[in-house]
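Q: So I've got this file, work_16.pdb, and it contains PDB, C-alpha atoms and all ligand atoms:
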```pdb
ATOM      1  CA  MET A 141     -10.927 -10.750  28.476
ATOM      2  CA  GLU A 142     -11.236  -8.596  25.395
ATOM      3  CA  LEU A 143      -9.242  -5.539  24.324
ATOM      4  CA  ILE A 144     -11.363  -2.832  22.701
ATOM      5  CA  LYS A 145      -9.922   0.080  20.708
ATOM      6  CA  GLU A 146     -13.080   1.775  19.339
ATOM      7  CA  LYS A 147     -15.387   4.057  21.320
ATOM      8  CA  ASP A 148     -18.572   2.951  19.551
ATOM      9  CA  ARG A 149     -17.935  -0.717  20.136
ATOM     10  CA  MET A 150     -17.113  -0.096  23.797
ATOM     11  CA  ARG A 151     -20.286   1.897  24.353
ATOM     12  CA  SER A 152     -22.526  -0.663  22.667
ATOM     13  CA  ILE A 153     -21.066  -3.513  24.758
ATOM     14  CA  VAL A 154     -21.873  -1.585  27.956
ATOM     15  CA  GLU A 155     -25.323  -0.559  26.716
ATOM     16  CA  ASP A 156     -26.134  -4.181  25.840
ATOM     17  CA  ALA A 157     -24.965  -5.362  29.267
ATOM     18  CA  ARG A 158     -27.117  -2.760  30.977
ATOM     19  CA  ALA A 159     -30.115  -3.643  28.824
ATOM     20  CA  ARG A 160     -29.721  -7.193  30.141
ATOM     21  CA  GLY A 161     -29.906  -5.816  33.693
ATOM     22  CA  LEU A 162     -26.221  -6.213  34.507
ATOM     23  CA  MET A 163     -24.233  -3.956  36.837
ATOM     24  CA  VAL A 164     -21.204  -2.476  35.043
ATOM     25  CA  GLY A 165     -18.136  -1.054  36.804
ATOM     26  CA  VAL A 166     -15.390   1.046  35.217
ATOM     27  CA  VAL A 167     -11.815   1.524  36.455
ATOM     28  CA  PRO A 168     -10.023   4.370  34.624
ATOM     29  CA  THR A 169      -6.227   4.005  34.496
ATOM     30  CA  MET A 170      -3.101   4.994  32.598
ATOM     31  CA  GLY A 171      -1.739   1.447  32.764
ATOM     32  CA  TYR A 172       1.554  -0.025  33.959
ATOM     33  CA  PHE A 173      -0.401  -1.822  36.637
ATOM     34  CA  HIS A 174       0.616  -2.405  40.225
ATOM     35  CA  GLU A 175      -1.253  -3.673  43.280
ATOM     36  CA  GLY A 176      -3.042  -0.304  43.646
ATOM     37  CA  HIS A 177      -4.655  -0.690  40.225
ATOM     38  CA  LEU A 178      -5.422  -4.364  40.905
ATOM     39  CA  GLU A 179      -7.154  -3.444  44.158
ATOM     40  CA  LEU A 180      -9.528  -1.137  42.241
ATOM     41  CA  MET A 181     -10.226  -3.927  39.739
ATOM     42  CA  ARG A 182     -10.825  -6.489  42.500
ATOM     43  CA  ARG A 183     -13.224  -4.132  44.208
ATOM     44  CA  ALA A 184     -15.112  -3.625  40.939
ATOM     45  CA  ARG A 185     -15.101  -7.412  40.385
ATOM     46  CA  VAL A 186     -16.798  -7.975  43.756
ATOM     47  CA  ASP A 187     -19.435  -5.259  43.194
ATOM     48  CA  CYS A 188     -20.251  -5.642  39.489
ATOM     49  CA  ASP A 189     -21.264  -8.176  36.837
ATOM     50  CA  VAL A 190     -19.116  -6.613  34.109
ATOM     51  CA  VAL A 191     -15.751  -4.907  34.770
ATOM     52  CA  VAL A 192     -14.238  -2.506  32.240
ATOM     53  CA  VAL A 193     -10.736  -1.131  32.778
ATOM     54  CA  THR A 194      -9.797   1.862  30.662
ATOM     55  CA  LEU A 195      -6.105   2.124  29.814
ATOM     56  CA  PHE A 196      -5.185   5.413  28.206
ATOM     57  CA  VAL A 197      -2.108   7.568  28.826
ATOM     58  CA  ASN A 198      -4.043  10.787  28.466
ATOM     59  CA  PRO A 199      -1.820  13.404  26.799
ATOM     60  CA  THR A 200      -3.962  16.368  27.853
ATOM     61  CA  GLN A 201      -3.273  15.864  31.554
ATOM     62  CA  PHE A 202       0.496  16.158  31.113
ATOM     63  CA  THR A 203       1.844  19.698  31.174
ATOM     64  CA  PRO A 204       4.663  20.668  28.765
ATOM     65  CA  GLY A 205       7.982  19.224  29.904
ATOM     66  CA  GLU A 206       6.371  16.442  31.936
ATOM     67  CA  ASP A 207       6.922  12.712  31.457
ATOM     68  CA  LEU A 208       4.328  11.913  28.745
ATOM     69  CA  ALA A 209       6.890  10.325  26.399
ATOM     70  CA  ASP A 210       8.662   8.449  29.220
ATOM     71  CA  TYR A 211       5.544   7.311  31.071
ATOM     72  CA  PRO A 212       5.978   3.548  31.613
ATOM     73  CA  ARG A 213       3.945   1.337  29.284
ATOM     74  CA  ASP A 214       3.633  -2.449  28.943
ATOM     75  CA  LEU A 215       0.329  -3.519  27.434
ATOM     76  CA  ASP A 216       1.079  -7.258  27.383
ATOM     77  CA  ARG A 217       1.939  -7.299  31.065
ATOM     78  CA  ASP A 218      -1.112  -5.158  31.878
ATOM     79  CA  LYS A 219      -3.401  -7.489  29.924
ATOM     80  CA  GLU A 220      -2.132 -10.478  31.868
ATOM     81  CA  MET A 221      -2.506  -8.766  35.231
ATOM     82  CA  ALA A 222      -6.025  -7.523  34.475
ATOM     83  CA  ALA A 223      -7.100 -10.947  33.217
ATOM     84  CA  GLY A 224      -5.682 -12.429  36.422
ATOM     85  CA  VAL A 225      -8.153 -10.471  38.563
ATOM     86  CA  GLY A 226     -11.115 -11.224  36.304
ATOM     87  CA  VAL A 227     -11.463  -8.026  34.261
ATOM     88  CA  ASP A 228     -13.857  -8.468  31.312
ATOM     89  CA  TYR A 229     -12.760  -5.660  28.965
ATOM     90  CA  ILE A 230      -9.831  -3.307  28.567
ATOM     91  CA  PHE A 231     -10.707  -0.151  26.654
ATOM     92  CA  ASN A 232      -7.418   1.008  25.116
ATOM     93  CA  PRO A 233      -8.050   3.708  22.515
ATOM     94  CA  GLU A 234      -5.440   5.539  20.444
ATOM     95  CA  ALA A 235      -5.104   9.272  21.157
ATOM     96  CA  ASP A 236      -6.821  10.251  17.893
ATOM     97  CA  GLU A 237      -9.789   8.030  18.741
ATOM     98  CA  MET A 238     -10.211  10.037  21.958
ATOM     99  CA  TYR A 239      -9.288  13.448  20.551
ATOM    100  CA  PRO A 240     -10.090  13.931  16.866
ATOM    101  CA  GLU A 241      -8.254  16.941  15.484
ATOM    102  CA  GLU A 242     -11.313  19.181  15.627
ATOM    103  CA  SER A 243     -12.153  18.493  19.297
ATOM    104  CA  CYS A 244     -12.113  21.681  21.393
ATOM    105  CA  THR A 245     -14.371  21.145  24.428
ATOM    106  CA  HIS A 246     -12.999  20.955  27.958
ATOM    107  CA  VAL A 247     -14.333  20.366  31.445
ATOM    108  CA  GLU A 248     -13.066  22.829  34.024
ATOM    109  CA  VAL A 249     -13.677  22.150  37.722
ATOM    110  CA  GLU A 250     -12.957  25.588  39.085
ATOM    111  CA  GLY A 251     -11.264  26.226  42.398
ATOM    112  CA  LEU A 252     -10.310  22.640  43.230
ATOM    113  CA  SER A 253      -8.183  22.402  40.094
ATOM    114  CA  GLU A 254      -5.929  25.368  40.762
ATOM    115  CA  VAL A 255      -4.709  24.539  44.272
ATOM    116  CA  MET A 256      -2.183  21.945  45.464
ATOM    117  CA  CYS A 257      -0.969  19.898  42.453
ATOM    118  CA  GLY A 258      -2.880  22.269  40.178
ATOM    119  CA  ALA A 259      -0.564  25.132  41.144
ATOM    120  CA  SER A 260       2.499  23.480  39.597
ATOM    121  CA  ARG A 261       0.603  21.527  36.899
ATOM    122  CA  PRO A 262      -1.609  24.109  35.182
ATOM    123  CA  GLY A 263      -4.211  22.420  32.981
ATOM    124  CA  HIS A 264      -3.623  19.005  34.573
ATOM    125  CA  PHE A 265      -7.027  18.686  36.236
ATOM    126  CA  ARG A 266      -8.785  20.140  33.206
ATOM    127  CA  GLY A 267      -7.226  17.257  31.252
ATOM    128  CA  VAL A 268      -8.274  14.760  33.927
ATOM    129  CA  ALA A 269     -11.854  16.064  34.241
ATOM    130  CA  THR A 270     -12.280  16.141  30.459
ATOM    131  CA  VAL A 271     -11.000  12.627  29.839
ATOM    132  CA  VAL A 272     -12.986  11.157  32.736
ATOM    133  CA  ALA A 273     -16.178  12.877  31.495
ATOM    134  CA  LYS A 274     -15.517  11.371  28.059
ATOM    135  CA  LEU A 275     -14.826   7.941  29.573
ATOM    136  CA  PHE A 276     -18.082   8.104  31.569
ATOM    137  CA  ASN A 277     -19.897   8.666  28.251
ATOM    138  CA  ILE A 278     -17.984   5.984  26.343
ATOM    139  CA  VAL A 279     -18.297   3.465  29.199
ATOM    140  CA  PRO A 280     -21.696   4.322  30.700
ATOM    141  CA  ALA A 281     -21.164   2.182  33.797
ATOM    142  CA  GLN A 282     -23.275   2.501  36.943
ATOM    143  CA  ARG A 283     -20.152   2.439  39.131
ATOM    144  CA  ALA A 284     -16.650   3.911  38.831
ATOM    145  CA  TYR A 285     -13.602   3.230  40.978
ATOM    146  CA  PHE A 286     -10.769   5.644  41.764
ATOM    147  CA  GLY A 287      -7.858   5.505  44.192
ATOM    148  CA  MET A 288      -7.741   7.708  47.273
ATOM    149  CA  LYS A 289      -3.997   7.914  46.583
ATOM    150  CA  ASP A 290      -4.829  10.698  44.110
ATOM    151  CA  GLY A 291      -6.924  12.557  46.664
ATOM    152  CA  GLN A 292      -7.236  15.815  44.761
ATOM    153  CA  GLN A 293      -8.124  13.958  41.569
ATOM    154  CA  LEU A 294     -10.860  12.062  43.434
ATOM    155  CA  ALA A 295     -12.281  15.341  44.798
ATOM    156  CA  VAL A 296     -12.211  16.912  41.300
ATOM    157  CA  ILE A 297     -13.955  13.885  39.744
ATOM    158  CA  ARG A 298     -16.603  13.688  42.476
ATOM    159  CA  ARG A 299     -17.333  17.405  41.957
ATOM    160  CA  MET A 300     -17.415  17.062  38.163
ATOM    161  CA  ALA A 301     -19.766  14.052  38.296
ATOM    162  CA  ALA A 302     -22.091  15.828  40.742
ATOM    163  CA  ASP A 303     -22.049  19.178  38.917
ATOM    164  CA  LEU A 304     -22.656  17.616  35.476
ATOM    165  CA  ASP A 305     -25.173  15.038  36.774
ATOM    166  CA  PHE A 306     -23.340  11.951  35.597
ATOM    167  CA  PRO A 307     -25.475   9.004  36.760
ATOM    168  CA  VAL A 308     -22.519   7.074  38.140
ATOM    169  CA  GLU A 309     -21.673   6.107  41.690
ATOM    170  CA  ILE A 310     -18.057   6.897  42.513
ATOM    171  CA  THR A 311     -16.127   4.754  44.958
ATOM    172  CA  GLY A 312     -12.807   5.866  46.464
ATOM    173  CA  VAL A 313     -10.524   2.909  47.218
ATOM    174  CA  PRO A 314      -7.908   3.219  50.013
ATOM    175  CA  THR A 315      -4.239   3.597  49.041
ATOM    176  CA  ILE A 316      -2.171   0.439  48.606
ATOM    177  CA  ARG A 317       1.355   0.810  49.965
ATOM    178  CA  GLU A 318       4.677  -0.998  49.803
ATOM    179  CA  ASP A 319       5.819  -2.626  53.071
ATOM    180  CA  SER A 320       7.954   0.482  53.584
ATOM    181  CA  GLY A 321       4.821   2.662  53.607
ATOM    182  CA  LEU A 322       5.544   4.183  50.184
ATOM    183  CA  ALA A 323       2.311   4.589  48.214
ATOM    184  CA  MET A 324       2.398   2.418  45.103
ATOM    185  CA  SER A 325       2.672   4.399  41.875
ATOM    186  CA  SER A 326       3.629   3.682  38.278
ATOM    187  CA  ARG A 327       6.132   6.530  38.684
ATOM    188  CA  ASN A 328       8.008   4.674  41.454
ATOM    189  CA  THR A 329       9.783   2.866  38.596
ATOM    190  CA  TYR A 330      11.720   6.105  38.033
ATOM    191  CA  LEU A 331      13.406   5.787  41.450
ATOM    192  CA  THR A 332      16.832   4.345  42.235
ATOM    193  CA  ASP A 333      17.254   2.203  45.378
ATOM    194  CA  GLU A 334      18.518   5.198  47.319
ATOM    195  CA  GLU A 335      15.673   7.387  46.092
ATOM    196  CA  LEU A 336      13.172   4.674  47.067
ATOM    197  CA  GLU A 337      14.479   4.951  50.624
ATOM    198  CA  ASP A 338      14.188   8.751  50.568
ATOM    199  CA  ALA A 339      10.674   8.521  49.114
ATOM    200  CA  VAL A 340       9.454   6.721  52.224
ATOM    201  CA  SER A 341       9.638  10.109  53.974
ATOM    202  CA  LEU A 342       6.328  11.112  52.350
ATOM    203  CA  SER A 343       4.398   8.403  54.162
ATOM    204  CA  THR A 344       6.502   8.809  57.312
ATOM    205  CA  ALA A 345       5.571  12.492  57.445
ATOM    206  CA  LEU A 346       1.886  11.578  57.080
ATOM    207  CA  ALA A 347       2.282   8.985  59.830
ATOM    208  CA  ARG A 348       3.777  11.711  62.037
ATOM    209  CA  ALA A 349       0.751  13.910  61.311
ATOM    210  CA  ALA A 350      -1.528  10.995  62.245
ATOM    211  CA  GLU A 351       0.366  10.558  65.488
ATOM    212  CA  LEU A 352       0.005  14.251  66.369
ATOM    213  CA  ILE A 353      -3.705  14.194  65.521
ATOM    214  CA  GLY A 354      -4.084  11.046  67.621
ATOM    215  CA  SER A 355      -2.549  12.839  70.579
ATOM    216  CA  GLY A 356      -5.040  15.697  70.234
ATOM    217  CA  GLU A 357      -3.203  18.249  68.080
ATOM    218  CA  ARG A 358      -5.653  20.292  65.962
ATOM    219  CA  SER A 359      -3.492  23.176  64.711
ATOM    220  CA  ALA A 360      -2.658  22.906  60.997
ATOM    221  CA  ARG A 361       0.363  25.175  61.543
ATOM    222  CA  VAL A 362       1.860  22.879  64.204
ATOM    223  CA  ILE A 363       1.228  19.742  62.153
ATOM    224  CA  ARG A 364       2.656  21.276  58.961
ATOM    225  CA  ARG A 365       5.757  22.441  60.800
ATOM    226  CA  ALA A 366       6.357  18.982  62.281
ATOM    227  CA  MET A 367       6.064  17.449  58.816
ATOM    228  CA  GLU A 368       8.368  20.054  57.232
ATOM    229  CA  GLU A 369      11.012  19.350  59.865
ATOM    230  CA  MET A 370      11.080  15.724  58.807
ATOM    231  CA  PHE A 371      11.865  16.713  55.218
ATOM    232  CA  GLU A 372      14.662  19.026  56.320
ATOM    233  CA  ALA A 373      16.523  15.846  57.350
ATOM    234  CA  VAL A 374      16.130  14.269  53.870
ATOM    235  CA  PRO A 375      17.930  16.444  51.295
ATOM    236  CA  GLY A 376      17.076  14.002  48.461
ATOM    237  CA  VAL A 377      13.422  15.005  48.760
ATOM    238  CA  ILE A 378      12.354  18.417  47.503
ATOM    239  CA  LEU A 379       9.038  19.229  49.093
ATOM    240  CA  GLU A 380       6.566  21.013  46.811
ATOM    241  CA  TYR A 381       3.640  21.490  49.182
ATOM    242  CA  ILE A 382       1.886  20.222  52.258
ATOM    243  CA  ALA A 383      -1.858  20.943  52.180
ATOM    244  CA  ILE A 384      -4.154  20.564  55.174
ATOM    245  CA  CYS A 385      -7.659  21.053  53.844
ATOM    246  CA  ASP A 386     -11.250  19.913  53.785
ATOM    247  CA  ASN A 387     -11.942  16.850  51.681
ATOM    248  CA  ILE A 388     -14.658  18.328  49.425
ATOM    249  CA  LEU A 389     -13.582  21.748  48.116
ATOM    250  CA  LEU A 390      -9.950  21.429  49.264
ATOM    251  CA  GLN A 391     -10.015  24.698  51.178
ATOM    252  CA  PRO A 392      -7.090  25.189  53.580
ATOM    253  CA  LEU A 393      -7.889  24.760  57.265
ATOM    254  CA  GLU A 394      -6.260  26.450  60.243
ATOM    255  CA  GLU A 395      -7.946  24.204  62.731
ATOM    256  CA  LEU A 396      -8.565  20.514  61.943
ATOM    257  CA  LYS A 397     -12.279  19.683  62.058
ATOM    258  CA  GLY A 398     -14.590  17.277  60.206
ATOM    259  CA  THR A 399     -13.167  15.281  57.297
ATOM    260  CA  VAL A 400      -9.635  16.542  56.751
ATOM    261  CA  MET A 401      -7.182  15.666  53.997
ATOM    262  CA  ILE A 402      -3.468  16.116  54.546
ATOM    263  CA  ALA A 403      -1.775  15.890  51.163
ATOM    264  CA  LEU A 404       1.734  16.478  49.933
ATOM    265  CA  ALA A 405       3.825  16.444  46.799
ATOM    266  CA  ALA A 406       7.587  16.199  46.475
ATOM    267  CA  ARG A 407      10.279  15.624  43.914
ATOM    268  CA  VAL A 408      12.539  12.637  44.432
ATOM    269  CA  GLY A 409      15.125  12.290  41.666
ATOM    270  CA  LYS A 410      13.267  12.257  38.368
ATOM    271  CA  ALA A 411       9.879  11.501  39.947
ATOM    272  CA  ARG A 412       7.202  13.794  41.279
ATOM    273  CA  LEU A 413       5.425  11.870  44.020
ATOM    274  CA  ILE A 414       2.192  12.544  45.895
ATOM    275  CA  ASP A 415       0.559  11.036  48.939
ATOM    276  CA  ASN A 416      -2.216  11.880  51.380
ATOM    277  CA  MET A 417      -4.237  10.674  54.339
ATOM    278  CA  VAL A 418      -7.815  11.483  55.258
ATOM    279  CA  PHE A 419      -8.832  11.915  58.892
ATOM    280  CA  GLU A 420     -12.270  12.025  60.518
ATOM    281  CA  ILE A 421     -12.010  14.558  63.332
ATOM    282  CA  GLU A 422     -14.795  15.278  65.835
TER     283      GLU A 422
HETATM  284  P1  LIG B 501      -3.075   5.913  37.201
HETATM  285  O1  LIG B 501      -2.904   4.753  36.265
HETATM  286  O2  LIG B 501      -1.844   6.252  37.976
HETATM  287  O3  LIG B 501      -3.759   7.094  36.551
HETATM  288  O4  LIG B 501      -4.089   5.396  38.310
HETATM  289  C1  LIG B 501      -5.320   4.807  37.965
HETATM  290  C2  LIG B 501      -6.168   4.689  39.205
HETATM  291  O5  LIG B 501      -5.487   3.883  40.170
HETATM  292  C3  LIG B 501      -6.450   6.046  39.871
HETATM  293  O6  LIG B 501      -7.784   6.082  40.331
HETATM  294  C4  LIG B 501      -5.475   6.046  41.009
HETATM  295  O7  LIG B 501      -5.890   6.844  42.099
HETATM  296  C5  LIG B 501      -5.444   4.578  41.405
HETATM  297  N1  LIG B 501      -4.219   4.268  42.135
HETATM  298  C6  LIG B 501      -2.946   4.557  41.761
HETATM  299  N2  LIG B 501      -2.072   4.178  42.720
HETATM  300  C7  LIG B 501      -2.815   3.636  43.716
HETATM  301  C8  LIG B 501      -2.512   3.064  44.983
HETATM  302  N3  LIG B 501      -1.252   2.960  45.431
HETATM  303  N4  LIG B 501      -3.533   2.617  45.751
HETATM  304  C9  LIG B 501      -4.812   2.715  45.317
HETATM  305  N5  LIG B 501      -5.169   3.248  44.130
HETATM  306  C10 LIG B 501      -4.199   3.703  43.341
END
```
What does this structure look like when you write it as structure tokens?
Ligand code: AMP
A:
Amino acid sequence: MELIKEKDRMRSIVEDARARGLMVGVVPTMGYFHEGHLELMRRARVDCDVVVVTLFVNPTQFTPGEDLADYPRDLDRDKEMAAGVGVDYIFNPEADEMYPEESCTHVEVEGLSEVMCGASRPGHFRGVATVVAKLFNIVPAQRAYFGMKDGQQLAVIRRMAADLDFPVEITGVPTIREDSGLAMSSRNTYLTDEELEDAVSLSTALARAAELIGSGERSARVIRRAMEEMFEAVPGVILEYIAICDNILLQPLEELKGTVMIALAARVGKARLIDNMVFEIE
């Protein structure tokens, strides 16, 4: 496995591979790998001849006051883990390689970016869409892999790739969870043991929604209320939102129909956690 720091070198490696008829897959990440990241890499390894992981803690997707400086980092550990699942290249640029001082172009995915997490993180999805567009140009892979754990991010990236005609096939990979049900996240490292227990309430609330849907409930109001009640019993968790929406444009639904995403965000201690589930409803 090779670590690449320069954009030009990264692009020419991928172009050469493609010229030789190889299938290239890219897995964009911010590092500090866990099983969720490894699952994306394994999936890419199965589908593709060449696997590129990008590892870049993208400053433009952090809003002022967020955890950019504290975001966990351990490149040596990440290198070992990626090599262990057969990754070929890690693209790990410095911030000034990605954003020269004079750069001033942004990608804005309107509508989807302002709701849900976008409401409390203004500019976050603009940062995400811009860096992913850049990464698709620097690593011109035929396939890209993203986690369904970040459901809104996946919807924003799918929209951006379709609207800007990026010739890349995007695969959403199901969320990897701890045995407790907690969705794996690099930010779980911020949690104390007690907070880890409280944090399980996010997935428990989604499981309750699944149960209600399974028993025929279709009212978003009833499902949201049942989920909110569960959080009232866990004072360590400060709920930010529960969204019940379609999976494409993230428009709120009153009645569950078609492909529905139920997503939520909450603060637990120092961490802001998100989770979601997607349901196919007839
Ligand atoms: P991050 O490094 O947190 O930006 O995540 C990089 C990629 O890994 C994104 O596409 C995430 O959606 C995905 N990811 C993060 N956590 C998980 C998880 N628990 N299960 C599956 N994918 C995940």
Q: Check what the PyMOL selection byres (((chain A and resi 226-241) around 6) and not hetatm) selects in the file above and give those residues as a list of chain:residue names.
A: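 The output of the PyMOL selection byres (((chain A and resi 226-241) around 6) and not hetatm) on this file is A:Met141, A:Glu142, A:Leu143, A:Ile144, A:Lys145, A:Val191, A:Val192, A:Val193, A:Thr194, A:Leu195, A:Phe196, A:Ala222, A:Ala223, A:Gly224, A:Val225, A:Glu242, A:Ser243.
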Q: Just the residues within 8 Å of Ala295 in chain A, please, counting all atoms listed in the file, with nothing from its chain fewer than 5 positions along; format it as a PyMOL selection string.
A: chain A and resi 252+387-390
Q: Which centre and edge lengths in Å to one decimal define the box along x, y and z that fits every listed atom of ligand LIG 501 (chain B) plus 6 Å per side, as JSON?
A:
```
{"center_x": -4.5, "center_y": 4.9, "center_z": 41.0, "size_x": 18.5, "size_y": 16.5, "size_z": 21.5}
```
Q: List all protein, DNA and RNA residues that have an atom no more than 7 Å from any atom of ligand LIG 501 (chain B), counting all atoms listed in the file, and report them as a PyMOL selection string.
A: chain A and resi 168-172+175-177+179-180+285-290+313-317+323-326
Q: For the interface of range 208-326 of chain A with range 403-410 of chain A (cut-off 12 Å, counting only C-alpha atoms), please tabulate each contacting residue of range 208-326 of chain A alongside its nearest pair of atoms and their separation in Å to one decimal, rows sorted by chain and increasing number, as JSON lines.
A:
```
{"residue": "A:Asp210", "atom": "CA", "partner": "A:Lys410", "partner_atom": "CA", "distance": 10.9}
{"residue": "A:Tyr211", "atom": "CA", "partner": "A:Lys410", "partner_atom": "CA", "distance": 11.7}
{"residue": "A:Val255", "atom": "CA", "partner": "A:Ala403", "partner_atom": "CA", "distance": 11.4}
{"residue": "A:Met256", "atom": "CA", "partner": "A:Leu404", "partner_atom": "CA", "distance": 8.1}
{"residue": "A:Cys257", "atom": "CA", "partner": "A:Ala405", "partner_atom": "CA", "distance": 7.3}
{"residue": "A:Gly258", "atom": "CA", "partner": "A:Ala405", "partner_atom": "CA", "distance": 11.1}
{"residue": "A:Ala259", "atom": "CA", "partner": "A:Ala405", "partner_atom": "CA", "distance": 11.3}
{"residue": "A:Ser260", "atom": "CA", "partner": "A:Ala405", "partner_atom": "CA", "distance": 10.2}
{"residue": "A:Arg261", "atom": "CA", "partner": "A:Ala405", "partner_atom": "CA", "distance": 11.6}
{"residue": "A:Met288", "atom": "CA", "partner": "A:Ala403", "partner_atom": "CA", "distance": 10.8}
{"residue": "A:Lys289", "atom": "CA", "partner": "A:Ala403", "partner_atom": "CA", "distance": 9.5}
{"residue": "A:Asp290", "atom": "CA", "partner": "A:Ala403", "partner_atom": "CA", "distance": 9.3}
{"residue": "A:Gly291", "atom": "CA", "partner": "A:Ala403", "partner_atom": "CA", "distance": 7.6}
{"residue": "A:Gln292", "atom": "CA", "partner": "A:Ala403", "partner_atom": "CA", "distance": 8.4}
{"residue": "A:Gln293", "atom": "CA", "partner": "A:Ala403", "partner_atom": "CA", "distance": 11.7}
```
Q: Which residues would end up in the selection if the PyMOL selection byres (((chain A and resi 249) around 12) and not hetatm) were applied here, given that I need the answer as number ranges by chain?
A: A: 246-248, 250-255, 258, 263-270, 273, 292-304, 389
Q: Mind writing the picked residues with C-alpha atoms as a short mmCIF file (atom, residue, chain, number, x, y, z; two decimals), in the frame of the given file?
A:
```
data_model
loop_
_atom_site.label_atom_id
_atom_site.label_comp_id
_atom_site.auth_asym_id
_atom_site.auth_seq_id
_atom_site.Cartn_x
_atom_site.Cartn_y
_atom_site.Cartn_z
CA HIS A 246 -13.00 20.96 27.96
CA VAL A 247 -14.33 20.37 31.44
CA GLU A 248 -13.07 22.83 34.02
CA GLU A 250 -12.96 25.59 39.08
CA GLY A 251 -11.26 26.23 42.40
CA LEU A 252 -10.31 22.64 43.23
CA SER A 253 -8.18 22.40 40.09
CA GLU A 254 -5.93 25.37 40.76
CA VAL A 255 -4.71 24.54 44.27
CA GLY A 258 -2.88 22.27 40.18
CA GLY A 263 -4.21 22.42 32.98
CA HIS A 264 -3.62 19.00 34.57
CA PHE A 265 -7.03 18.69 36.24
CA ARG A 266 -8.78 20.14 33.21
CA GLY A 267 -7.23 17.26 31.25
CA VAL A 268 -8.27 14.76 33.93
CA ALA A 269 -11.85 16.06 34.24
CA THR A 270 -12.28 16.14 30.46
CA ALA A 273 -16.18 12.88 31.50
CA GLN A 292 -7.24 15.82 44.76
CA GLN A 293 -8.12 13.96 41.57
CA LEU A 294 -10.86 12.06 43.43
CA ALA A 295 -12.28 15.34 44.80
CA VAL A 296 -12.21 16.91 41.30
CA ILE A 297 -13.96 13.88 39.74
CA ARG A 298 -16.60 13.69 42.48
CA ARG A 299 -17.33 17.40 41.96
CA MET A 300 -17.42 17.06 38.16
CA ALA A 301 -19.77 14.05 38.30
CA ALA A 302 -22.09 15.83 40.74
CA ASP A 303 -22.05 19.18 38.92
CA LEU A 304 -22.66 17.62 35.48
CA LEU A 389 -13.58 21.75 48.12
#
```
Q: Neighbours of Asp386 in chain A within 9 Å (all atoms listed in the file; same-chain residues fewer than 4 positions away dropped), as a PyMOL selection string?
A: chain A and resi 390-393+396-402
Q: Write out the residues from the selection above, keeping C-alpha atoms, as a CSV table (one decimal), in the frame of the given file.
A:
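result11.csv, freshly written:
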```
chain,number,residue,atom,x,y,z
A,390,LEU,CA,-10.0,21.4,49.3
A,391,GLN,CA,-10.0,24.7,51.2
A,392,PRO,CA,-7.1,25.2,53.6
A,393,LEU,CA,-7.9,24.8,57.3
A,396,LEU,CA,-8.6,20.5,61.9
A,397,LYS,CA,-12.3,19.7,62.1
A,398,GLY,CA,-14.6,17.3,60.2
A,399,THR,CA,-13.2,15.3,57.3
A,400,VAL,CA,-9.6,16.5,56.8
A,401,MET,CA,-7.2,15.7,54.0
A,402,ILE,CA,-3.5,16.1,54.5
```
